[in-house]
Every structure is written in C-alpha cells, then in structure tokens.
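With mmCIF, C-alpha atoms and all ligand atoms inside, this is data-v3.cif:
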data_query
#
loop_
_atom_site.label_atom_id
_atom_site.label_comp_id
_atom_site.auth_asym_id
_atom_site.auth_seq_id
_atom_site.Cartn_x
_atom_site.Cartn_y
_atom_site.Cartn_z
CA MET F 1 0.00 0.00 0.00
CA GLY F 2 1.42 3.42 -0.98
CA THR F 3 0.74 6.78 0.59
CA ILE F 4 -2.96 7.62 0.60
CA LEU F 5 -3.28 10.97 -1.19
CA PHE F 6 -7.08 11.20 -1.17
CA ASP F 7 -9.68 9.48 1.01
CA LYS F 8 -12.31 9.36 -1.70
CA VAL F 9 -11.72 9.71 -5.44
CA ALA F 10 -14.67 9.88 -7.85
CA LEU F 11 -13.99 8.79 -11.42
CA ILE F 12 -16.67 10.12 -13.74
CA GLY F 13 -16.20 8.38 -17.08
CA ILE F 14 -14.38 5.04 -17.06
CA GLY F 15 -13.11 4.54 -20.62
CA LEU F 16 -9.48 4.28 -21.72
CA ILE F 17 -8.32 7.22 -19.59
CA GLY F 18 -10.63 6.84 -16.57
CA SER F 19 -9.92 3.13 -16.26
CA SER F 20 -6.16 3.64 -16.61
CA ILE F 21 -6.32 6.14 -13.74
CA ALA F 22 -8.40 3.63 -11.74
CA ARG F 23 -5.84 0.87 -12.29
CA ASP F 24 -2.96 3.11 -11.16
CA LEU F 25 -4.92 4.39 -8.14
CA LYS F 26 -5.50 0.82 -7.00
CA ASP F 27 -2.06 -0.43 -7.87
CA LEU F 28 -0.32 2.42 -6.08
CA GLY F 29 -2.80 2.53 -3.17
CA LEU F 30 -3.36 6.27 -3.54
CA ALA F 31 -7.02 6.35 -2.39
CA ARG F 32 -9.07 4.68 0.33
CA GLU F 33 -12.24 4.70 -1.76
CA ILE F 34 -12.63 4.82 -5.56
CA VAL F 35 -16.16 5.50 -6.73
CA VAL F 36 -16.72 4.77 -10.40
CA SER F 37 -19.51 6.45 -12.33
CA THR F 38 -20.43 6.24 -16.00
CA ARG F 39 -23.40 7.00 -18.24
CA SER F 40 -24.41 3.50 -19.30
CA ALA F 41 -25.29 0.46 -17.21
CA GLU F 42 -23.29 -1.70 -19.63
CA THR F 43 -19.99 0.18 -19.10
CA LEU F 44 -20.61 0.34 -15.34
CA LYS F 45 -21.10 -3.43 -15.23
CA ARG F 46 -17.86 -3.95 -17.16
CA ALA F 47 -15.99 -1.60 -14.79
CA GLU F 48 -17.28 -3.67 -11.87
CA GLU F 49 -16.26 -6.95 -13.56
CA LEU F 50 -12.78 -5.48 -13.98
CA SER F 51 -12.79 -4.39 -10.28
CA LEU F 52 -11.77 -0.87 -11.23
CA GLY F 53 -13.24 0.78 -8.13
CA THR F 54 -14.59 0.13 -4.66
CA ARG F 55 -18.11 1.38 -5.44
CA TYR F 56 -20.12 1.82 -8.66
CA THR F 57 -22.97 4.17 -9.50
CA LEU F 58 -24.78 5.50 -12.56
CA SER F 59 -25.20 8.86 -10.82
CA ALA F 60 -22.33 11.33 -11.27
CA ALA F 61 -23.83 13.37 -8.42
CA ASP F 62 -23.76 10.40 -6.07
CA ALA F 63 -20.13 9.66 -7.01
CA ALA F 64 -19.02 13.27 -6.50
CA ALA F 65 -20.73 13.67 -3.12
CA ASP F 66 -18.05 13.88 -0.39
CA ALA F 67 -15.23 13.12 -2.85
CA ASP F 68 -11.86 14.75 -2.18
CA LEU F 69 -10.85 14.44 -5.84
CA VAL F 70 -13.23 14.26 -8.79
CA ILE F 71 -11.73 13.29 -12.16
CA VAL F 72 -13.97 13.81 -15.18
CA SER F 73 -12.91 11.62 -18.13
CA VAL F 74 -15.66 12.02 -20.73
CA PRO F 75 -15.66 13.41 -24.30
CA VAL F 76 -15.03 17.17 -24.05
CA GLY F 77 -18.49 18.03 -25.41
CA ALA F 78 -20.08 16.36 -22.37
CA SER F 79 -18.16 18.49 -19.82
CA GLU F 80 -20.90 21.01 -19.10
CA SER F 81 -23.55 18.38 -18.57
CA VAL F 82 -21.31 16.56 -16.05
CA ALA F 83 -20.45 19.83 -14.26
CA LYS F 84 -24.16 20.62 -13.89
CA GLN F 85 -24.88 17.15 -12.50
CA ILE F 86 -22.15 17.28 -9.83
CA ALA F 87 -22.17 21.01 -8.91
CA ASP F 88 -24.56 20.86 -5.94
CA HIS F 89 -22.94 17.77 -4.45
CA LEU F 90 -19.29 18.82 -4.25
CA LYS F 91 -17.85 19.33 -0.80
CA PRO F 92 -15.87 22.44 0.13
CA GLY F 93 -12.15 21.91 -0.40
CA ALA F 94 -12.65 19.19 -3.02
CA ILE F 95 -10.52 19.24 -6.18
CA VAL F 96 -12.31 18.82 -9.51
CA THR F 97 -10.24 18.11 -12.59
CA ASP F 98 -10.64 16.64 -16.06
CA VAL F 99 -8.49 14.94 -18.69
CA GLY F 100 -10.01 16.43 -21.86
CA SER F 101 -7.94 17.00 -24.98
CA THR F 102 -9.04 20.66 -25.29
CA LYS F 103 -8.81 23.10 -22.40
CA ALA F 104 -10.35 26.54 -23.08
CA SER F 105 -13.70 25.00 -24.01
CA VAL F 106 -13.76 22.59 -21.05
CA ILE F 107 -13.01 25.46 -18.66
CA ALA F 108 -15.76 27.60 -20.25
CA GLN F 109 -18.19 24.69 -19.89
CA MET F 110 -17.32 23.65 -16.32
CA ALA F 111 -15.93 26.60 -14.34
CA PRO F 112 -19.19 28.58 -14.10
CA HIS F 113 -20.92 25.65 -12.39
CA ILE F 114 -18.24 24.85 -9.80
CA PRO F 115 -19.21 26.34 -6.42
CA GLN F 116 -17.03 28.69 -4.35
CA GLY F 117 -14.65 26.77 -2.11
CA VAL F 118 -14.21 23.90 -4.57
CA HIS F 119 -10.95 23.90 -6.53
CA PHE F 120 -11.41 23.39 -10.26
CA ILE F 121 -8.14 22.79 -12.13
CA ALA F 122 -8.38 21.51 -15.70
CA GLY F 123 -5.78 19.07 -16.98
CA HIS F 124 -4.73 16.91 -19.90
CA PRO F 125 -2.52 13.83 -19.69
CA LEU F 126 -0.68 13.45 -23.01
CA ALA F 127 -1.03 9.69 -23.09
CA GLY F 128 -3.42 7.35 -24.81
CA THR F 129 -4.02 4.88 -27.58
CA GLU F 130 -6.56 4.59 -30.38
CA LYS F 131 -8.67 2.24 -28.26
CA SER F 132 -11.60 3.11 -26.02
CA GLY F 133 -13.72 1.72 -23.20
CA PRO F 134 -12.81 0.31 -19.77
CA ASP F 135 -11.02 -2.74 -21.23
CA ALA F 136 -8.62 -0.51 -23.16
CA GLY F 137 -7.00 1.04 -20.09
CA PHE F 138 -3.84 -0.28 -18.50
CA GLU F 139 -1.55 0.34 -15.54
CA GLY F 140 1.33 2.66 -16.26
CA LEU F 141 -0.28 4.50 -19.21
CA PHE F 142 0.86 7.84 -17.79
CA ARG F 143 4.37 6.79 -16.80
CA GLY F 144 7.00 8.97 -18.46
CA ARG F 145 4.30 11.02 -20.23
CA TRP F 146 3.54 14.69 -19.83
CA CYS F 147 0.45 15.95 -18.04
CA ILE F 148 -0.47 19.58 -18.67
CA LEU F 149 -2.42 21.43 -15.98
CA THR F 150 -4.06 24.74 -16.90
CA PRO F 151 -4.72 26.62 -13.64
CA LEU F 152 -6.54 29.95 -13.82
CA PRO F 153 -5.49 33.20 -12.13
CA GLY F 154 -6.41 32.78 -8.46
CA THR F 155 -6.20 28.97 -8.45
CA ASP F 156 -5.40 27.73 -4.94
CA GLU F 157 -1.68 26.89 -4.76
CA GLY F 158 -2.20 24.08 -2.27
CA ALA F 159 -4.79 22.36 -4.46
CA LEU F 160 -2.57 22.78 -7.50
CA ALA F 161 0.40 21.26 -5.65
CA LYS F 162 -1.75 18.32 -4.57
CA LEU F 163 -3.00 17.66 -8.11
CA ARG F 164 0.53 17.94 -9.47
CA PHE F 165 1.72 15.47 -6.83
CA PHE F 166 -1.09 13.08 -7.84
CA TRP F 167 -0.01 13.03 -11.51
CA GLU F 168 3.62 12.68 -10.50
CA ALA F 169 2.66 9.67 -8.38
CA LEU F 170 1.28 8.13 -11.60
CA GLY F 171 4.70 8.68 -13.16
CA SER F 172 3.86 11.75 -15.24
CA ARG F 173 5.90 14.86 -15.70
CA VAL F 174 3.74 17.92 -15.08
CA ASP F 175 3.79 21.23 -16.95
CA LEU F 176 1.60 24.26 -16.30
CA MET F 177 0.17 26.14 -19.26
CA ASP F 178 -2.29 28.82 -20.15
CA PRO F 179 -5.42 27.08 -21.60
CA GLU F 180 -5.33 28.92 -24.94
CA HIS F 181 -1.66 28.13 -25.37
CA HIS F 182 -2.36 24.47 -24.58
CA ASP F 183 -5.00 24.40 -27.31
CA LYS F 184 -2.56 25.84 -29.89
CA VAL F 185 0.23 23.43 -28.98
CA LEU F 186 -2.12 20.44 -29.04
CA ALA F 187 -3.62 21.55 -32.34
CA ILE F 188 -0.23 21.04 -33.99
CA VAL F 189 1.12 18.03 -32.09
CA SER F 190 -2.08 16.00 -31.84
CA HIS F 191 -5.20 17.39 -33.47
CA LEU F 192 -3.73 18.17 -36.90
CA PRO F 193 -2.00 14.75 -37.23
CA HIS F 194 -5.29 13.02 -36.41
CA ILE F 195 -7.22 15.14 -38.92
CA ILE F 196 -4.60 14.44 -41.60
CA ALA F 197 -4.80 10.71 -40.83
CA TYR F 198 -8.61 10.73 -40.99
CA ASN F 199 -8.34 12.54 -44.32
CA ILE F 200 -5.74 10.22 -45.90
CA VAL F 201 -7.54 7.08 -44.83
CA GLY F 202 -10.83 8.54 -46.08
CA THR F 203 -9.25 9.43 -49.44
CA ALA F 204 -7.80 5.93 -49.85
CA ASP F 205 -11.17 4.47 -48.98
CA ASP F 206 -12.84 6.61 -51.67
CA LEU F 207 -10.32 5.84 -54.45
CA GLU F 208 -11.86 4.00 -57.34
CA ALA F 209 -8.79 3.15 -59.42
CA VAL F 210 -7.12 1.32 -56.52
CA THR F 211 -9.11 -1.42 -54.86
CA GLN F 212 -9.76 -1.73 -51.12
CA SER F 213 -7.97 -5.07 -51.10
CA GLU F 214 -4.84 -3.49 -52.63
CA VAL F 215 -4.90 -0.69 -50.05
CA ILE F 216 -4.98 -3.28 -47.28
CA LYS F 217 -2.53 -5.70 -48.91
CA TYR F 218 0.18 -3.08 -49.47
CA SER F 219 -0.59 -0.95 -46.42
CA ALA F 220 2.83 -1.48 -44.79
CA SER F 221 4.23 1.01 -47.33
CA GLY F 222 3.16 3.91 -45.07
CA PHE F 223 -0.63 3.93 -45.10
CA ARG F 224 -0.81 1.53 -42.14
CA ASP F 225 0.77 4.04 -39.77
CA PHE F 226 -2.00 6.54 -40.53
CA THR F 227 -4.73 3.96 -39.94
CA ARG F 228 -3.78 3.67 -36.27
CA LEU F 229 -4.56 7.36 -35.70
CA ALA F 230 -7.61 7.18 -37.97
CA ALA F 231 -9.00 4.32 -35.85
CA SER F 232 -9.34 6.67 -32.86
CA ASP F 233 -12.69 7.15 -31.16
CA PRO F 234 -15.09 9.07 -33.47
CA THR F 235 -17.00 10.73 -30.60
CA MET F 236 -13.84 11.95 -28.90
CA TRP F 237 -12.40 13.35 -32.13
CA ARG F 238 -15.65 14.93 -33.29
CA ASP F 239 -15.70 16.80 -29.96
CA VAL F 240 -12.03 17.79 -30.20
CA CYS F 241 -12.64 19.30 -33.66
CA LEU F 242 -15.74 21.17 -32.51
CA HIS F 243 -14.16 22.40 -29.26
CA ASN F 244 -10.76 23.52 -30.54
CA LYS F 245 -12.08 24.95 -33.77
CA ASP F 246 -10.05 28.19 -33.96
CA ALA F 247 -6.64 26.70 -33.23
CA ILE F 248 -7.28 23.74 -35.54
CA LEU F 249 -8.40 25.99 -38.41
CA GLU F 250 -5.30 28.16 -37.94
CA MET F 251 -3.00 25.10 -38.07
CA LEU F 252 -4.89 23.67 -41.05
CA SER F 253 -4.37 26.82 -43.05
CA ARG F 254 -0.62 26.77 -42.24
CA PHE F 255 -0.59 23.11 -43.23
CA SER F 256 -2.31 23.81 -46.56
CA GLU F 257 0.22 26.54 -47.41
CA ASP F 258 3.14 24.24 -46.64
CA LEU F 259 1.54 21.44 -48.64
CA ALA F 260 1.21 23.78 -51.62
CA TYR F 261 4.97 24.50 -51.32
CA LEU F 262 5.68 20.78 -51.39
CA GLN F 263 3.31 20.30 -54.31
CA ARG F 264 5.11 23.03 -56.27
CA ALA F 265 8.53 21.54 -55.51
CA ILE F 266 7.37 18.16 -56.81
CA ARG F 267 5.75 19.67 -59.89
CA TRP F 268 8.90 21.65 -60.84
CA GLY F 269 11.32 18.88 -59.96
CA GLU F 270 12.98 20.93 -57.19
CA GLY F 271 14.80 18.02 -55.57
CA ASP F 272 16.99 20.24 -53.37
CA LYS F 273 13.92 21.73 -51.69
CA LEU F 274 12.47 18.27 -51.08
CA PHE F 275 15.77 16.95 -49.76
CA GLU F 276 16.21 19.93 -47.41
CA LEU F 277 12.72 19.46 -45.93
CA PHE F 278 12.99 15.69 -45.58
CA SER F 279 16.36 16.05 -43.82
CA ARG F 280 14.95 18.62 -41.40
CA THR F 281 11.98 16.38 -40.54
CA ARG F 282 14.25 13.41 -39.96
CA GLU F 283 15.97 15.45 -37.24
CA VAL F 284 12.61 16.05 -35.56
CA ARG F 285 12.11 12.28 -35.26
CA ARG F 286 15.58 11.91 -33.77
CA SER F 287 14.84 14.61 -31.16
CA ILE F 288 11.61 12.84 -30.13
CA ILE F 289 13.51 9.60 -29.52
CA GLU F 290 16.24 11.46 -27.63
CA ALA F 291 13.56 13.09 -25.44
CA GLY F 292 12.27 9.60 -24.52
CA GLN F 293 8.88 10.21 -26.13
CA ASP F 294 9.16 7.21 -28.47
CA VAL F 295 11.38 4.21 -29.09
CA ASP F 296 13.60 3.70 -32.09
CA VAL F 297 12.05 0.49 -33.43
CA PRO F 298 10.24 0.04 -36.73
CA ASP F 299 6.85 -0.61 -35.10
CA PHE F 300 7.06 2.63 -33.06
CA GLY F 301 6.87 0.60 -29.83
CA ARG F 302 3.38 -0.64 -30.64
CA HIS F 303 4.13 -4.28 -29.87
CA ALA F 304 5.19 -3.39 -26.33
CA LEU F 305 1.91 -1.48 -25.95
CA ASP F 306 -0.18 -4.35 -27.32
CA LYS F 307 1.27 -6.70 -24.74
CA LYS F 308 -0.10 -4.48 -22.00
CA ASN F 309 -3.61 -4.57 -23.48
P1 LIG F 401 -13.63 6.46 -23.89
O1 LIG F 401 -12.72 5.31 -23.69
O2 LIG F 401 -14.49 6.49 -25.09
O3 LIG F 401 -14.58 6.60 -22.58
C1 LIG F 401 -15.51 7.64 -22.50
C2 LIG F 401 -16.21 7.66 -21.16
O4 LIG F 401 -17.09 8.80 -21.15
C3 LIG F 401 -17.11 6.44 -20.91
O5 LIG F 401 -17.22 6.21 -19.52
C4 LIG F 401 -18.46 6.94 -21.46
O6 LIG F 401 -19.57 6.36 -20.83
C5 LIG F 401 -18.44 8.38 -21.07
N1 LIG F 401 -19.27 9.20 -21.96
C6 LIG F 401 -19.31 9.18 -23.31
N2 LIG F 401 -20.17 10.11 -23.76
C7 LIG F 401 -20.71 10.71 -22.68
C8 LIG F 401 -21.66 11.75 -22.50
N3 LIG F 401 -22.26 12.36 -23.54
N4 LIG F 401 -21.99 12.10 -21.23
C9 LIG F 401 -21.40 11.52 -20.16
N5 LIG F 401 -20.48 10.54 -20.27
C10 LIG F 401 -20.13 10.14 -21.52
O7 LIG F 401 -12.83 7.85 -23.89
P2 LIG F 401 -11.34 8.19 -23.39
O8 LIG F 401 -10.39 7.83 -24.49
O9 LIG F 401 -11.12 7.66 -22.02
O10 LIG F 401 -11.41 9.78 -23.38
C11 LIG F 401 -11.94 10.50 -22.29
C12 LIG F 401 -11.41 11.92 -22.32
O11 LIG F 401 -9.99 11.86 -22.29
C13 LIG F 401 -11.79 12.72 -23.57
O12 LIG F 401 -12.13 14.03 -23.19
C14 LIG F 401 -10.51 12.76 -24.38
O13 LIG F 401 -10.42 13.97 -25.12
C15 LIG F 401 -9.45 12.68 -23.29
N6 LIG F 401 -8.18 12.08 -23.71
C16 LIG F 401 -8.17 10.96 -24.49
C17 LIG F 401 -6.96 10.39 -24.87
C18 LIG F 401 -6.92 9.17 -25.76
O14 LIG F 401 -5.89 8.86 -26.34
N7 LIG F 401 -7.99 8.43 -25.88
C19 LIG F 401 -5.74 10.96 -24.42
C20 LIG F 401 -5.79 12.05 -23.56
C21 LIG F 401 -7.01 12.61 -23.22
P3 LIG F 401 -20.41 5.11 -21.39
O15 LIG F 401 -19.44 4.12 -21.94
O16 LIG F 401 -21.08 4.62 -20.13
O17 LIG F 401 -21.36 5.64 -22.40
#
If you took the structure in this file and wrote it as structure tokens, what would it be?
Ligand code: NAP
Amino acid sequence: MGTILFDKVALIGIGLIGSSIARDLKDLGLAREIVVSTRSAETLKRAEELSLGTRYTLSAADAAADADLVIVSVPVGASESVAKQIADHLKPGAIVTDVGSTKASVIAQMAPHIPQGVHFIAGHPLAGTEKSGPDAGFEGLFRGRWCILTPLPGTDEGALAKLRFFWEALGSRVDLMDPEHHDKVLAIVSHLPHIIAYNIVGTADDLEAVTQSEVIKYSASGFRDFTRLAASDPTMWRDVCLHNKDAILEMLSRFSEDLAYLQRAIRWGEGDKLFELFSRTREVRRSIIEAGQDVDVPDFGRHALDKKN
C-alpha cells in the first residue's frame, strides 16, 4: 500500500483514460475509496467486472458527493452536462479536474458551475491509444508522459500542488500552461496529425482506381501508420474538432500553405527543396527519440503497448 493521497476519489467516465487512472490508483494505493460512475449500465457493469473501483454508480452526483478528488474523463463536449450534474454535491475543499484534450472549451463549460470553495483545475494527460472503453485502459499508461495542468489566475496553490503530486505519483511529468496556449500546442502536435490521418484514410477508402484489397494488402508502405490514428474514437475526435475549432483551423491553413509549397517543388522537380525538408523532418524524429517520447524500433513501440492490453 502506498501513501494515501485522497480518502475518496470519484472517477466520472471510465473509458481508456478513466480506467487507466483507476488501475494506477489501485495499484499504487493512492485512495481509500474509488467510486466509479459512467453513463451506461453496460460500461458500469464492465468496470465492476474489472474491479476498477470500490463502489459503482450511474449517478455522477452520487459519485461526486463527499469526494476529495473528482476526475472527469468524458468526451469534451459532455463536460458542461457533467459539471451541472455534480455542482450541488461537491464538498468544500474538493478538487475537480478533467483529462479532456481541449482546455479553453472545457473550462468555459465547467468553471461557471463549480461552487465557491471547490478547486477546479483543468488538466490533460498526453497519453493514450486509439482504443476506447474500460477494457482498453492499462496500468502505467501515464508513466513517463507529460500531463499539462491549466490553472486559472487565483487557483489555490495548495490544491494545484496536490494535483501535481497526484499526476507525479502516476509517473507523469507535469507542466503548467495557459489554456489557450495548450490548445494551440495540441492543435499542432495531436489534433492536426489526427485530422490528416482521418483525411488520408478517407481518401484511400474513396479511391476507385485502386481497390480496397490493394490498399490493405500493401498498407505497410506507409498507409498503415496513418490507420492507427484514424481508428481513434469518433466521438472523442468529433468533440475535439468542434471544441478547438479556432486553433485547428489556424493550423490547417498553415498546413495547406506548406503542402502547396511541397506540391510546387514536386511539380517543378525541385529536388533540393524536397531533400532539405525531408532532412529537417528526420531530425525532428531523432529529437523525439532522444527526449524519450518514443522508441527507435520500426513498429514505433506498438508491440510493447499491445502486450499491455
Ligand atoms: P472512452 O474510452 O471512449 O470513454 C468515455 C467515457 O465517457 C465512458 O465512460 C463513457 O460512458 C463516457 N461518456 C461518453 N459520452 C458521454 C456523455 N455524452 N456524457 C457523459 N459521459 C459520456 O474515452 P477516453 O479515451 O477515455 O477519453 C476520455 C477523455 O480523455 C476525452 O475528453 C478525451 O479527449 C481525453 N483524452 C483521451 C486520450 C486518448 O488517447 N484516448 C488521451 C488524452 C485525453 P459510457 O461508456 O457509459 O457511455
């Protein structure tokens, strides 16, 4: 048993992220009580079968009542509805946080409903896979990954320190960021790559001159790596696009300009321009490996991840 950080933790939403937190909480012995709440009876039953908590309820309000830490892990578009459900049941001094992939929108949806005396600090662990649901989670998902917290002016320092300590206990490195800045950074490092992957896989699926079976048969040529991102949860990614609209549109227009440059270089046979860009991008990959954010194996570490699932 580790050090108990919170007497009662309420996990609202128990998919990939919520269930990974649950597994770590249990494994590390960080809470006396873990109350699991989710929207559907089916997911709740599965969470219970997997023994993810110590108590299970379909009512977010019931879960949040008396909790010392409430972690909301639902698609970002559902944040306001959850905040409304729990608002009147939160105890003074409780910490409420989330794990959503966009931050300004989640704060706008939740903060107005959180009562005085309750500490709301939004957050985003930069860890995940393309899978969803309670079975998809695993112990150690957050180990060695970044978690970004986006406190607001006036956020209680003690509550912030406690939340930071919680993520560090799960093995994460914590950074603090302004919510709008978070949304810009994530638009380029996560949202744009997913949108590009959805687009490429969609285009390949629509092609008439190349058959579906050929696309699948020869997919190891590059296409396959995009399909992993494009297999991500449609609800989650619909919400990310709708709730980080401005930053995503800004990055998409930069992307289109750069793509036009590449298109021109190919059209006019400007090999030096292509070579210069491809050399620069190769360096980016090297820096990511050096920073410990990926492993230098041809399957991008996926086999190691699959073993955990
Ligand atoms: P997930 O596996 O699909 O689980 C979603 C959870 O939210 C389930 O408990 C689901 O309940 C519940 N839910 C779905 N729609 C809801 C609604 N309208 N109202 C209330 N509850 C709802 O999702 P996840 O991958 O854990 O993602 C959760 C959050 O983490 C998202 O905000 C996402 O942006 C963020 N995030 C995801 C990743 C990733 O790689 N997946 C990484 C970092 C952050 P039922 O099953 O009972 O319907």
Let me see if you get this right: every residue at most 9 Å from ligand LIG 401 (chain F), counting all atoms listed in the file, written as a JSON list (two decimals) with C-alpha atoms, keeping the file's coordinate frame.
[["chain", "number", "residue", "atom", "x", "y", "z"],
["F", 12, "ILE", "CA", -16.67, 10.12, -13.74],
["F", 13, "GLY", "CA", -16.20, 8.38, -17.08],
["F", 14, "ILE", "CA", -14.38, 5.04, -17.06],
["F", 15, "GLY", "CA", -13.11, 4.54, -20.62],
["F", 16, "LEU", "CA", -9.48, 4.28, -21.72],
["F", 17, "ILE", "CA", -8.32, 7.22, -19.59],
["F", 18, "GLY", "CA", -10.63, 6.84, -16.57],
["F", 19, "SER", "CA", -9.92, 3.13, -16.26],
["F", 20, "SER", "CA", -6.16, 3.64, -16.61],
["F", 37, "SER", "CA", -19.51, 6.45, -12.33],
["F", 38, "THR", "CA", -20.43, 6.24, -16.00],
["F", 39, "ARG", "CA", -23.40, 7.00, -18.24],
["F", 40, "SER", "CA", -24.41, 3.50, -19.30],
["F", 41, "ALA", "CA", -25.29, 0.46, -17.21],
["F", 42, "GLU", "CA", -23.29, -1.70, -19.63],
["F", 43, "THR", "CA", -19.99, 0.18, -19.10],
["F", 44, "LEU", "CA", -20.61, 0.34, -15.34],
["F", 58, "LEU", "CA", -24.78, 5.50, -12.56],
["F", 60, "ALA", "CA", -22.33, 11.33, -11.27],
["F", 72, "VAL", "CA", -13.97, 13.81, -15.18],
["F", 73, "SER", "CA", -12.91, 11.62, -18.13],
["F", 74, "VAL", "CA", -15.66, 12.02, -20.73],
["F", 75, "PRO", "CA", -15.66, 13.41, -24.30],
["F", 76, "VAL", "CA", -15.03, 17.17, -24.05],
["F", 77, "GLY", "CA", -18.49, 18.03, -25.41],
["F", 78, "ALA", "CA", -20.08, 16.36, -22.37],
["F", 79, "SER", "CA", -18.16, 18.49, -19.82],
["F", 81, "SER", "CA", -23.55, 18.38, -18.57],
["F", 82, "VAL", "CA", -21.31, 16.56, -16.05],
["F", 98, "ASP", "CA", -10.64, 16.64, -16.06],
["F", 99, "VAL", "CA", -8.49, 14.94, -18.69],
["F", 100, "GLY", "CA", -10.01, 16.43, -21.86],
["F", 101, "SER", "CA", -7.94, 17.00, -24.98],
["F", 102, "THR", "CA", -9.04, 20.66, -25.29],
["F", 106, "VAL", "CA", -13.76, 22.59, -21.05],
["F", 124, "HIS", "CA", -4.73, 16.91, -19.90],
["F", 125, "PRO", "CA", -2.52, 13.83, -19.69],
["F", 126, "LEU", "CA", -0.68, 13.45, -23.01],
["F", 127, "ALA", "CA", -1.03, 9.69, -23.09],
["F", 128, "GLY", "CA", -3.42, 7.35, -24.81],
["F", 129, "THR", "CA", -4.02, 4.88, -27.58],
["F", 130, "GLU", "CA", -6.56, 4.59, -30.38],
["F", 131, "LYS", "CA", -8.67, 2.24, -28.26],
["F", 132, "SER", "CA", -11.60, 3.11, -26.02],
["F", 133, "GLY", "CA", -13.72, 1.72, -23.20],
["F", 134, "PRO", "CA", -12.81, 0.31, -19.77],
["F", 135, "ASP", "CA", -11.02, -2.74, -21.23],
["F", 136, "ALA", "CA", -8.62, -0.51, -23.16],
["F", 137, "GLY", "CA", -7.00, 1.04, -20.09],
["F", 232, "SER", "CA", -9.34, 6.67, -32.86],
["F", 233, "ASP", "CA", -12.69, 7.15, -31.16],
["F", 234, "PRO", "CA", -15.09, 9.07, -33.47],
["F", 235, "THR", "CA", -17.00, 10.73, -30.60],
["F", 236, "MET", "CA", -13.84, 11.95, -28.90],
["F", 237, "TRP", "CA", -12.40, 13.35, -32.13],
["F", 239, "ASP", "CA", -15.70, 16.80, -29.96],
["F", 240, "VAL", "CA", -12.03, 17.79, -30.20]]
So that I can check the surroundings of Ala67 of chain F, please list as a list in words every protein, DNA and RNA residue that reaches within 7 Å of it, counting all atoms listed in the file and ignoring chain neighbours fewer than 3 positions away.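 With the cut-off at 7 Å, the set is Lys8, Val9, Ala10, Ala64, Val70 and Ala94 of chain F.
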Keeping only C-alpha atoms, write those residues as a PDB file, in the frame of the given file.
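Saved to selection_36.pdb:
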ATOM      1  CA  LYS F   8     -12.310   9.360  -1.700  1.00  0.00           C
ATOM      2  CA  VAL F   9     -11.720   9.710  -5.440  1.00  0.00           C
ATOM      3  CA  ALA F  10     -14.670   9.880  -7.850  1.00  0.00           C
ATOM      4  CA  ALA F  64     -19.020  13.270  -6.500  1.00  0.00           C
ATOM      5  CA  VAL F  70     -13.230  14.260  -8.790  1.00  0.00           C
ATOM      6  CA  ALA F  94     -12.650  19.190  -3.020  1.00  0.00           C
TER       7      ALA F  94
END
List as a list in words the protein and nucleic acid residues near segment 255-268 of chain F, meaning an atom at most 12 Å away when only C-alpha atoms are counted, but skip any in the same chain fewer than 3 places from it.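 Residues meeting the cut-off are Ala187, Ile188, Leu192, Pro193, Ile195, Ile196, Ile248, Leu249, Glu250, Met251, Leu252, Gly271, Asp272, Lys273, Leu274, Phe275, Glu276, Leu277 and Phe278 of chain F.
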From the list F:Gln212, F:Ser221, F:Ser105, F:Ser59, which residue is nearest Ile86 of chain F when using only C-alpha atoms?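 Looking at the shortest contact to Ile86 of chain F, the residue is F:Ser59.
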Give me, please, the distance in Å between atom CA of Arg280 of chain F and atom CA of Leu176 of chain F, quoted to one decimal.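 Distance reported for this atom pair: 29.0 Å.
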So which one's closest to Glu168 of chain F, F:Ile71, F:Leu186, F:Leu149, F:Leu207? Using all atoms listed in the file, please. F:Leu149
Need to verify the contact set: segment 213-217 of chain F, 12 Å, all atoms listed in the file, exclusion of same-chain residues closer than 5 positions in sequence. Can you return it as an MDAnalysis selection string? chainID F and resid 200:208 222:225 227
Atomic separation - atom CA of Ala22 of chain F relative to atom CA of Ser51 of chain F, Å: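 Computing it gives 9.3 Å between the two atoms.
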Atom CA of Ile121 of chain F to atom CA of Asp156 of chain F: how many Å, to one decimal?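 Taking atom CA of Ile121 of chain F as the start and atom CA of Asp156 of chain F as the end point, the length is 9.1 Å.
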